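*Asks:* To start, I am sharing the structure in question, which I have written as structure tokens.
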Amino acid sequence: MSEIYFLRHGQSQSNVENRFANGNDGYPLTDQGRRQAEKASAFLRSRAIRKVYTSPIHRAVQTAEIVCSKWGLTPPSAALSPRSGT
């Protein structure tokens with residue numbers, strides 16, 4: 001049976017500034033957010049992850065790239081669009 005895991009992006013600058021970013025692409029991961037993505041990657045390492053999908057928001061893409069690099073997966077080339085569902 002297949003399993004699906006959902007992972008939220010790591011801490012972004014909007015979190016530090018206590019701003020509601022909701023789709024605003026101008027808030028990248030902080031150093032702490034990159035460490036969180038690496039920690040999540042290590043936690044999920046024992047799972048048989050074969051594919052990663054992400055929203056097109058920069059902080060989500062950054063998180064996916066960190067996770068993929070740790071697992072030897074190719075980062076997603078086409079991000080899911082939260083607005084169109086494709």
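Every chain in the structure tokens takes a letter, A first, then B, and so on in the order presented; its residues are numbered from 1, and the ligands are numbered from 1 following the presented order.
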Name all residues at most 6 Å from range 56-63 of chain A (count only C-alpha atoms; drop same-chain ones fewer than 6 positions away) and give them as a PyMOL selection string.
*Replies:* chain A and resi 9+25+28-29+37+79
*Asks:* Please write the residues from the selection above to a file, keeping N, CA, C and O atoms, as a PDB file, in the first residue's frame.
*Replies:*
ATOM      1  N   HIS A   9       6.885  23.578   4.719  1.00  0.00           N
ATOM      2  CA  HIS A   9       8.198  24.197   4.530  1.00  0.00           C
ATOM      3  C   HIS A   9       8.802  24.579   5.875  1.00  0.00           C
ATOM      4  O   HIS A   9       8.091  24.734   6.866  1.00  0.00           O
ATOM      5  N   ASP A  25       5.699  35.103  -2.459  1.00  0.00           N
ATOM      6  CA  ASP A  25       6.914  34.361  -2.768  1.00  0.00           C
ATOM      7  C   ASP A  25       8.193  35.050  -2.288  1.00  0.00           C
ATOM      8  O   ASP A  25       9.279  34.549  -2.492  1.00  0.00           O
ATOM      9  N   PRO A  28      12.089  33.723   1.691  1.00  0.00           N
ATOM     10  CA  PRO A  28      12.858  32.473   1.600  1.00  0.00           C
ATOM     11  C   PRO A  28      13.029  31.824   2.975  1.00  0.00           C
ATOM     12  O   PRO A  28      12.698  32.421   4.006  1.00  0.00           O
ATOM     13  N   LEU A  29      13.564  30.617   2.965  1.00  0.00           N
ATOM     14  CA  LEU A  29      13.882  29.942   4.225  1.00  0.00           C
ATOM     15  C   LEU A  29      14.983  30.692   4.957  1.00  0.00           C
ATOM     16  O   LEU A  29      15.888  31.257   4.346  1.00  0.00           O
ATOM     17  N   ALA A  37      14.481  21.597   7.477  1.00  0.00           N
ATOM     18  CA  ALA A  37      14.279  20.743   6.302  1.00  0.00           C
ATOM     19  C   ALA A  37      15.246  19.559   6.329  1.00  0.00           C
ATOM     20  O   ALA A  37      14.866  18.430   6.005  1.00  0.00           O
ATOM     21  N   ALA A  79       6.344  22.376 -10.391  1.00  0.00           N
ATOM     22  CA  ALA A  79       5.659  22.467  -9.104  1.00  0.00           C
ATOM     23  C   ALA A  79       4.152  22.465  -9.306  1.00  0.00           C
ATOM     24  O   ALA A  79       3.639  22.874 -10.343  1.00  0.00           O
TER      25      ALA A  79
END
*Asks:* Could you pull out all residues of range 52-82 of chain A with a DSSP call of alpha helix (DSSP H) and give them as a PyMOL selection string?
*Replies:* chain A and resi 58-71
*Asks:* Rank A:Ala64, A:Leu73, A:Lys51, A:Gly33 by their smallest atom-to-atom distance to Ser2 in chain A, using only C-alpha atoms, and report the top residue only.
*Replies:*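 Nearest candidate to Ser2 in chain A out of A:Ala64, A:Leu73, A:Lys51, A:Gly33: A:Lys51.
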*Asks:* Write out as a PyMOL selection string each polymer residue whose atoms come within 12 Å of Leu7 in chain A, counting only C-alpha atoms; drop sequence neighbours fewer than 2 positions from it.
*Replies:* chain A and resi 4-5+9-10+36-41+43-44+52-55+60-61+63-64+67
*Asks:* Could the residues in this selection be saved with N, CA, C and O atoms as a PDB file, in the first residue's frame?
*Replies:*
ATOM      1  N   ILE A   4       1.311   8.510   1.742  1.00  0.00           N
ATOM      2  CA  ILE A   4       1.571   9.899   1.361  1.00  0.00           C
ATOM      3  C   ILE A   4       1.978  10.659   2.616  1.00  0.00           C
ATOM      4  O   ILE A   4       1.311  10.570   3.650  1.00  0.00           O
ATOM      5  N   TYR A   5       3.070  11.396   2.520  1.00  0.00           N
ATOM      6  CA  TYR A   5       3.555  12.212   3.626  1.00  0.00           C
ATOM      7  C   TYR A   5       3.442  13.676   3.225  1.00  0.00           C
ATOM      8  O   TYR A   5       3.809  14.052   2.108  1.00  0.00           O
ATOM      9  N   HIS A   9       6.885  23.578   4.719  1.00  0.00           N
ATOM     10  CA  HIS A   9       8.198  24.197   4.530  1.00  0.00           C
ATOM     11  C   HIS A   9       8.802  24.579   5.875  1.00  0.00           C
ATOM     12  O   HIS A   9       8.091  24.734   6.866  1.00  0.00           O
ATOM     13  N   GLY A  10      10.113  24.735   5.880  1.00  0.00           N
ATOM     14  CA  GLY A  10      10.802  25.166   7.091  1.00  0.00           C
ATOM     15  C   GLY A  10      10.519  26.628   7.392  1.00  0.00           C
ATOM     16  O   GLY A  10       9.826  27.320   6.643  1.00  0.00           O
ATOM     17  N   GLN A  36      15.756  22.835   9.670  1.00  0.00           N
ATOM     18  CA  GLN A  36      14.519  22.074   9.875  1.00  0.00           C
ATOM     19  C   GLN A  36      14.250  21.129   8.708  1.00  0.00           C
ATOM     20  O   GLN A  36      13.833  19.986   8.909  1.00  0.00           O
ATOM     21  N   ALA A  37      14.481  21.597   7.477  1.00  0.00           N
ATOM     22  CA  ALA A  37      14.279  20.743   6.302  1.00  0.00           C
ATOM     23  C   ALA A  37      15.246  19.559   6.329  1.00  0.00           C
ATOM     24  O   ALA A  37      14.866  18.430   6.005  1.00  0.00           O
ATOM     25  N   GLU A  38      16.478  19.805   6.721  1.00  0.00           N
ATOM     26  CA  GLU A  38      17.454  18.716   6.827  1.00  0.00           C
ATOM     27  C   GLU A  38      17.053  17.715   7.913  1.00  0.00           C
ATOM     28  O   GLU A  38      17.176  16.508   7.730  1.00  0.00           O
ATOM     29  N   LYS A  39      16.537  18.223   9.022  1.00  0.00           N
ATOM     30  CA  LYS A  39      16.097  17.350  10.115  1.00  0.00           C
ATOM     31  C   LYS A  39      14.891  16.511   9.678  1.00  0.00           C
ATOM     32  O   LYS A  39      14.815  15.309   9.964  1.00  0.00           O
ATOM     33  N   ALA A  40      13.951  17.120   8.979  1.00  0.00           N
ATOM     34  CA  ALA A  40      12.786  16.385   8.475  1.00  0.00           C
ATOM     35  C   ALA A  40      13.215  15.323   7.476  1.00  0.00           C
ATOM     36  O   ALA A  40      12.700  14.204   7.474  1.00  0.00           O
ATOM     37  N   SER A  41      14.177  15.663   6.645  1.00  0.00           N
ATOM     38  CA  SER A  41      14.700  14.709   5.670  1.00  0.00           C
ATOM     39  C   SER A  41      15.300  13.499   6.371  1.00  0.00           C
ATOM     40  O   SER A  41      15.056  12.356   5.977  1.00  0.00           O
ATOM     41  N   PHE A  43      14.572  12.430   9.383  1.00  0.00           N
ATOM     42  CA  PHE A  43      13.488  11.704  10.044  1.00  0.00           C
ATOM     43  C   PHE A  43      12.756  10.788   9.061  1.00  0.00           C
ATOM     44  O   PHE A  43      12.400   9.660   9.389  1.00  0.00           O
ATOM     45  N   LEU A  44      12.547  11.264   7.845  1.00  0.00           N
ATOM     46  CA  LEU A  44      11.806  10.496   6.837  1.00  0.00           C
ATOM     47  C   LEU A  44      12.698   9.558   6.024  1.00  0.00           C
ATOM     48  O   LEU A  44      12.212   8.823   5.170  1.00  0.00           O
ATOM     49  N   VAL A  52       8.572  13.526  -5.006  1.00  0.00           N
ATOM     50  CA  VAL A  52       8.310  14.705  -4.189  1.00  0.00           C
ATOM     51  C   VAL A  52       7.570  15.730  -5.038  1.00  0.00           C
ATOM     52  O   VAL A  52       7.956  16.000  -6.181  1.00  0.00           O
ATOM     53  N   TYR A  53       6.517  16.278  -4.493  1.00  0.00           N
ATOM     54  CA  TYR A  53       5.762  17.353  -5.133  1.00  0.00           C
ATOM     55  C   TYR A  53       5.829  18.569  -4.224  1.00  0.00           C
ATOM     56  O   TYR A  53       5.946  18.433  -3.009  1.00  0.00           O
ATOM     57  N   THR A  54       5.740  19.738  -4.815  1.00  0.00           N
ATOM     58  CA  THR A  54       5.782  20.956  -4.017  1.00  0.00           C
ATOM     59  C   THR A  54       4.929  22.041  -4.664  1.00  0.00           C
ATOM     60  O   THR A  54       4.652  21.987  -5.855  1.00  0.00           O
ATOM     61  N   SER A  55       4.540  22.988  -3.863  1.00  0.00           N
ATOM     62  CA  SER A  55       3.889  24.171  -4.423  1.00  0.00           C
ATOM     63  C   SER A  55       4.985  25.019  -5.067  1.00  0.00           C
ATOM     64  O   SER A  55       6.180  24.809  -4.813  1.00  0.00           O
ATOM     65  N   ALA A  60       8.768  26.651  -0.185  1.00  0.00           N
ATOM     66  CA  ALA A  60       8.383  25.242  -0.323  1.00  0.00           C
ATOM     67  C   ALA A  60       9.329  24.525  -1.289  1.00  0.00           C
ATOM     68  O   ALA A  60       9.742  23.393  -1.047  1.00  0.00           O
ATOM     69  N   VAL A  61       9.678  25.200  -2.380  1.00  0.00           N
ATOM     70  CA  VAL A  61      10.622  24.628  -3.342  1.00  0.00           C
ATOM     71  C   VAL A  61      11.985  24.434  -2.679  1.00  0.00           C
ATOM     72  O   VAL A  61      12.623  23.390  -2.852  1.00  0.00           O
ATOM     73  N   THR A  63      12.605  23.877   0.455  1.00  0.00           N
ATOM     74  CA  THR A  63      12.488  22.730   1.356  1.00  0.00           C
ATOM     75  C   THR A  63      12.559  21.430   0.567  1.00  0.00           C
ATOM     76  O   THR A  63      13.293  20.507   0.935  1.00  0.00           O
ATOM     77  N   ALA A  64      11.824  21.351  -0.543  1.00  0.00           N
ATOM     78  CA  ALA A  64      11.822  20.138  -1.377  1.00  0.00           C
ATOM     79  C   ALA A  64      13.214  19.862  -1.942  1.00  0.00           C
ATOM     80  O   ALA A  64      13.643  18.711  -2.008  1.00  0.00           O
ATOM     81  N   VAL A  67      15.353  18.324   0.824  1.00  0.00           N
ATOM     82  CA  VAL A  67      14.931  16.943   1.065  1.00  0.00           C
ATOM     83  C   VAL A  67      15.415  16.038  -0.068  1.00  0.00           C
ATOM     84  O   VAL A  67      16.002  14.982   0.172  1.00  0.00           O
TER      85      VAL A  67
END
*Asks:* For CA of Thr30 in chain A and CA of Arg50 in chain A, quote the distance in Å rounded to one decimal.
*Replies:* 26.7 Å
*Asks:* Using only C-alpha atoms, pick whichever of A:Pro75, A:Asn15, A:Glu3, A:Ser69 has the shortest atom-to-atom distance to Gln32 in chain A.
*Replies:*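 Distance minimum relative to Gln32 in chain A lands on A:Asn15.
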*Asks:* To one decimal in Å, tell me the separation between CA of Trp71 in chain A and CA of Val16 in chain A.
*Replies:*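 Rounded to one decimal, the two atoms are 28.2 Å apart.
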